[in-house]
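I have placed the structure first, in the form of structure tokens, so that the comments after it can refer back to it.
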Amino acid sequence: MSEYDQAIADNRANWDQRADVHARSRMYDVEGLLTDPSALSPVVRRDLEVLAPHLPGGTVAGRSLLHLQCHIGTDTVCWARLGAADVHGLDLSPRSLDHARRIARADGADITWVRGDARNASRFIDRRFEVVVTSTGTIVWLPELRSWARSVHDLLEPGGVFMVRDDHPLLGALDFAPWRISDDYLGGGGARTHDEALTYTDGPADTITATVNHQWRHDLAEVVGSLLEAGLVVRALGEHPHMDWPAFPELVHGPRGWHLPEGAPRIPLTFSVVAQRPA
């Protein structure tokens with residue numbers, strides 16, 4: 001058994017309970033998404049901004065797409081709305097996928113849902129995709145990235161494109177409280193174990209009783225290095241001054257998401273990498 005098995009089991013239980021809170025939250029706004037068939041989540045709009053320059057025609061329309069760590073599937077549905085073909089969503093949490101199936105059915109979206117660990121996604125999905133994406137709060141839940149990157153490589157068609165966009169690892173070192181370094185930035189220091197009912201959305205957290213969860217630091221060198229080692233070619237690396245959620249009180253909301261107020265030091269809040277499997 002892997003040294004990470006118990007930690008992953010704890011995380012699965014935690015995310016099963018988070019899923020029920022998130023599906024009812026204003027942040028995910030499932031009802032609003034389903035009411036407006038043309039709506040796209042802010043996360044997918046920002047992901048597409050990163051991804052589009054690396055796609056012929058700047059669109060996912062007509063291209064097969066896999067969404068890793070898809071959670072309750074709202075973003076996956078949005079990729080389908082953009083015209084992606086044969087869309088798949090993979091997540092570790094069975095309860096999250098229950099919500100994803102319900103949301104997709106209500107939207108009329110034809111999406112294949114797969115339960116599995118993103119580090120070993122190629123074991124659960126026996127096909128390749130033209131586009132693979134993962135975004136916002138995902139890789140911190142993976143103990144290591146080498147197997148994840150190899151799996152991404154194996155799931156891509158030759159010439160296929162992968163995109164990851166996530167919170168900048170610097171913020172973890174700052175404990176999401178700018179200007180106070182309280183934790184490692186560099187990876188390899190082991191898991192950060194938390195025992196708390198908090199979650200990043202609105203909604204009652206008192207229903208979360210599986211409170212133990214584990215997260216791992218992954219610096220940019222590890223993210224990029226693992227993709228290169230897996231045989232992918234990095235096409236773009238970005239660091240961005242905006243993010244998808246109000247991680248700390250100083251942030252203000254604007255057209256491109258949450259950002260620090262005018263006059264604050266400019267630091268990256270998210271990063272993005274676009275990589276390609278050689279043809």
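Just remember, in the structure tokens the first chain shown is A, the second B, etc., residues are 1-based per chain, and ligands are 1-based in the order shown.
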
Proximity check range 46-106 of chain A to range 227-249 of chain A, 9 Å, nearest pairs one decimal Å, only C-alpha atoms, as CSV:
```
residue,atom,partner,partner_atom,distance
A:Arg46,CA,A:Asp244,CA,8.8
A:Val50,CA,A:Gly238,CA,8.5
A:His54,CA,A:Arg235,CA,8.0
```

When DSSP works through the backbone of this structure, what residues of range 40-131 of chain A end up as alpha helix (DSSP H), shown as a PyMOL selection string?
-> chain A and resi 42-51+74-81+94-107+121-124

Could those residues be written to a file, using N, CA and C atoms, as a compact mmCIF listing (two decimals), in the first residue's frame?
```txt
# COMPACT_ATOMS: atom_id res chain seq x y z
N PRO A 42 -16.87 31.68 -14.64
CA PRO A 42 -15.68 32.54 -14.71
C PRO A 42 -14.39 31.74 -14.83
N VAL A 43 -14.34 30.57 -14.18
CA VAL A 43 -13.14 29.74 -14.25
C VAL A 43 -12.87 29.31 -15.69
N VAL A 44 -13.88 28.82 -16.38
CA VAL A 44 -13.69 28.35 -17.75
C VAL A 44 -13.36 29.51 -18.68
N ARG A 45 -13.96 30.67 -18.47
CA ARG A 45 -13.61 31.83 -19.31
C ARG A 45 -12.14 32.17 -19.17
N ARG A 46 -11.61 32.11 -17.95
CA ARG A 46 -10.18 32.43 -17.75
C ARG A 46 -9.30 31.31 -18.28
N ASP A 47 -9.74 30.06 -18.11
CA ASP A 47 -8.98 28.94 -18.67
C ASP A 47 -8.89 29.05 -20.19
N LEU A 48 -10.00 29.38 -20.82
CA LEU A 48 -10.02 29.48 -22.28
C LEU A 48 -9.12 30.62 -22.75
N GLU A 49 -9.03 31.69 -21.99
CA GLU A 49 -8.15 32.79 -22.35
C GLU A 49 -6.70 32.33 -22.42
N VAL A 50 -6.33 31.43 -21.51
CA VAL A 50 -4.97 30.87 -21.51
C VAL A 50 -4.79 29.86 -22.64
N LEU A 51 -5.80 29.04 -22.85
CA LEU A 51 -5.69 27.90 -23.76
C LEU A 51 -5.86 28.28 -25.22
N THR A 74 -19.57 21.52 -12.94
CA THR A 74 -20.09 22.76 -13.54
C THR A 74 -19.16 23.27 -14.65
N ASP A 75 -17.85 23.22 -14.40
CA ASP A 75 -16.92 23.67 -15.44
C ASP A 75 -16.89 22.69 -16.61
N THR A 76 -17.03 21.41 -16.32
CA THR A 76 -17.06 20.40 -17.39
C THR A 76 -18.23 20.66 -18.33
N VAL A 77 -19.38 20.97 -17.74
CA VAL A 77 -20.56 21.31 -18.55
C VAL A 77 -20.27 22.53 -19.43
N CYS A 78 -19.53 23.49 -18.88
CA CYS A 78 -19.20 24.68 -19.66
C CYS A 78 -18.29 24.35 -20.84
N TRP A 79 -17.35 23.43 -20.65
CA TRP A 79 -16.52 23.01 -21.79
C TRP A 79 -17.39 22.37 -22.87
N ALA A 80 -18.38 21.60 -22.45
CA ALA A 80 -19.30 21.01 -23.43
C ALA A 80 -20.10 22.10 -24.14
N ARG A 81 -20.50 23.13 -23.41
CA ARG A 81 -21.23 24.24 -24.02
C ARG A 81 -20.39 24.98 -25.06
N PRO A 94 -16.81 10.18 -5.31
CA PRO A 94 -18.05 9.67 -5.92
C PRO A 94 -19.24 10.59 -5.69
N ARG A 95 -19.31 11.27 -4.55
CA ARG A 95 -20.42 12.18 -4.30
C ARG A 95 -20.36 13.38 -5.23
N SER A 96 -19.16 13.88 -5.50
CA SER A 96 -19.01 14.97 -6.47
C SER A 96 -19.54 14.54 -7.83
N LEU A 97 -19.24 13.32 -8.23
CA LEU A 97 -19.68 12.83 -9.53
C LEU A 97 -21.20 12.60 -9.56
N ASP A 98 -21.80 12.28 -8.41
CA ASP A 98 -23.26 12.20 -8.36
C ASP A 98 -23.87 13.55 -8.74
N HIS A 99 -23.34 14.61 -8.16
CA HIS A 99 -23.83 15.94 -8.50
C HIS A 99 -23.53 16.27 -9.96
N ALA A 100 -22.34 15.89 -10.44
CA ALA A 100 -21.97 16.18 -11.82
C ALA A 100 -22.95 15.53 -12.79
N ARG A 101 -23.31 14.29 -12.53
CA ARG A 101 -24.27 13.59 -13.41
C ARG A 101 -25.62 14.31 -13.40
N ARG A 102 -26.07 14.70 -12.21
CA ARG A 102 -27.35 15.38 -12.10
C ARG A 102 -27.35 16.71 -12.86
N ILE A 103 -26.28 17.47 -12.71
CA ILE A 103 -26.19 18.77 -13.38
C ILE A 103 -26.13 18.60 -14.89
N ALA A 104 -25.34 17.62 -15.35
CA ALA A 104 -25.23 17.39 -16.79
C ALA A 104 -26.56 16.94 -17.39
N ARG A 105 -27.27 16.08 -16.67
CA ARG A 105 -28.58 15.64 -17.17
C ARG A 105 -29.53 16.82 -17.29
N ALA A 106 -29.53 17.68 -16.28
CA ALA A 106 -30.41 18.85 -16.30
C ALA A 106 -30.05 19.79 -17.43
N ASP A 107 -28.78 19.81 -17.80
CA ASP A 107 -28.33 20.69 -18.88
C ASP A 107 -28.48 20.04 -20.25
N ALA A 121 -4.97 8.64 -14.06
CA ALA A 121 -6.16 8.75 -14.91
C ALA A 121 -6.09 7.85 -16.13
N SER A 122 -4.90 7.64 -16.67
CA SER A 122 -4.78 6.83 -17.88
C SER A 122 -5.10 5.36 -17.61
N ARG A 123 -5.14 4.95 -16.34
CA ARG A 123 -5.56 3.58 -16.02
C ARG A 123 -7.07 3.41 -16.12
N PHE A 124 -7.79 4.51 -15.92
CA PHE A 124 -9.24 4.45 -15.87
C PHE A 124 -9.90 4.83 -17.19
```

Identify, on the basis of only C-alpha atoms, every residue whose closest approach to range 83-91 of chain A does not exceed 9 Å; exclude the query and any residue fewer than 5 positions from it along the same chain; express the result as an NGL selection string.
-> :A and (59-73 or 76-78 or 96-97 or 100 or 110-118 or 121 or 129 or 131)

Residue subset to file, keeping C-alpha atoms, as a PDB file, in the first residue's frame:
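Once everything was written out, this is part.pdb:
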```pdb
ATOM      1  CA  THR A  59     -11.580  27.089 -29.873  1.00  0.00           C
ATOM      2  CA  VAL A  60     -12.241  23.696 -28.290  1.00  0.00           C
ATOM      3  CA  ALA A  61     -15.255  23.206 -30.567  1.00  0.00           C
ATOM      4  CA  GLY A  62     -15.198  19.774 -32.169  1.00  0.00           C
ATOM      5  CA  ARG A  63     -12.185  18.644 -30.120  1.00  0.00           C
ATOM      6  CA  SER A  64     -12.280  15.763 -27.645  1.00  0.00           C
ATOM      7  CA  LEU A  65     -11.684  17.032 -24.106  1.00  0.00           C
ATOM      8  CA  LEU A  66     -10.879  15.548 -20.689  1.00  0.00           C
ATOM      9  CA  HIS A  67     -11.384  17.595 -17.519  1.00  0.00           C
ATOM     10  CA  LEU A  68      -9.259  16.266 -14.636  1.00  0.00           C
ATOM     11  CA  GLN A  69     -10.406  16.780 -11.018  1.00  0.00           C
ATOM     12  CA  CYS A  70     -13.744  18.022 -12.299  1.00  0.00           C
ATOM     13  CA  HIS A  71     -15.511  18.120  -8.884  1.00  0.00           C
ATOM     14  CA  ILE A  72     -19.290  18.695  -9.311  1.00  0.00           C
ATOM     15  CA  GLY A  73     -18.943  19.158 -13.058  1.00  0.00           C
ATOM     16  CA  THR A  76     -17.057  20.405 -17.390  1.00  0.00           C
ATOM     17  CA  VAL A  77     -20.557  21.310 -18.547  1.00  0.00           C
ATOM     18  CA  CYS A  78     -19.201  24.683 -19.665  1.00  0.00           C
ATOM     19  CA  SER A  96     -19.013  14.968  -6.471  1.00  0.00           C
ATOM     20  CA  LEU A  97     -19.683  12.832  -9.533  1.00  0.00           C
ATOM     21  CA  ALA A 100     -21.973  16.185 -11.820  1.00  0.00           C
ATOM     22  CA  ASP A 110     -23.616  14.268 -22.959  1.00  0.00           C
ATOM     23  CA  ILE A 111     -20.587  13.826 -20.684  1.00  0.00           C
ATOM     24  CA  THR A 112     -18.803  10.665 -19.564  1.00  0.00           C
ATOM     25  CA  TRP A 113     -17.971  10.716 -15.844  1.00  0.00           C
ATOM     26  CA  VAL A 114     -15.098   8.649 -14.482  1.00  0.00           C
ATOM     27  CA  ARG A 115     -14.132   8.063 -10.853  1.00  0.00           C
ATOM     28  CA  GLY A 116     -10.395   7.917 -10.256  1.00  0.00           C
ATOM     29  CA  ASP A 117      -7.200   9.520  -8.982  1.00  0.00           C
ATOM     30  CA  ALA A 118      -5.834  12.092 -11.445  1.00  0.00           C
ATOM     31  CA  ALA A 121      -6.158   8.751 -14.906  1.00  0.00           C
ATOM     32  CA  PHE A 129      -7.924  13.368 -26.143  1.00  0.00           C
ATOM     33  CA  VAL A 131      -7.371  18.639 -25.083  1.00  0.00           C
TER      34      VAL A 131
END
```

Name the residues of range 46-272 of chain A that come out as strand (DSSP E) in a backbone DSSP run; write them as a count of residues only.
-> 64

Please, which residues in range 101-194 of chain A fall within 9 Å of range 7-19 of chain A when counting only C-alpha atoms, and what is the closest atom pair and distance in Å to one decimal for each, ordered by chain then residue number, as CSV?
```
residue,atom,partner,partner_atom,distance
A:Asp117,CA,A:Ile8,CA,9.0
A:Trp141,CA,A:Asn11,CA,8.0
A:Leu142,CA,A:Ile8,CA,8.6
A:Pro143,CA,A:Ile8,CA,8.7
A:Ala191,CA,A:Ala7,CA,8.7
A:Thr193,CA,A:Ala7,CA,8.6
```

Can you tell me how far CA of Ser135 in chain A sits from CA of Leu269 in chain A, in Å to one decimal?
-> 13.5 Å

Please measure the separation of CA of His153 in chain A and CA of Val132 in chain A, giving the value in Å to one decimal.
->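 Between these atoms lies a distance of 9.5 Å.
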
Between CA of Gly172 in chain A and CA of Trp216 in chain A, distance in Å (one decimal) = 9.7 Å

Hey, which of A:Val21, A:Pro56, A:Val224, A:Arg217 ends up closest to Leu174 in chain A? Count only C-alpha atoms.
->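 Of all the options, A:Arg217 lies closest to Leu174 in chain A.
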
Who sits within 7 Å of Leu260 in chain A, only C-alpha atoms, same chain under 6 positions skipped, as a list in words = Glu250, Leu251 and Val252 of chain A

Counting only C-alpha atoms, the residue of A:Gly57, A:Pro37, A:Pro255, A:Gly137 that sits nearest Arg165 in chain A | A:Gly137

Counting only C-alpha atoms, the option among A:Ser226, A:Thr35, A:Ile208, A:His214 closest to Arg192 in chain A =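 Smallest separation from Arg192 in chain A among the options: A:His214.
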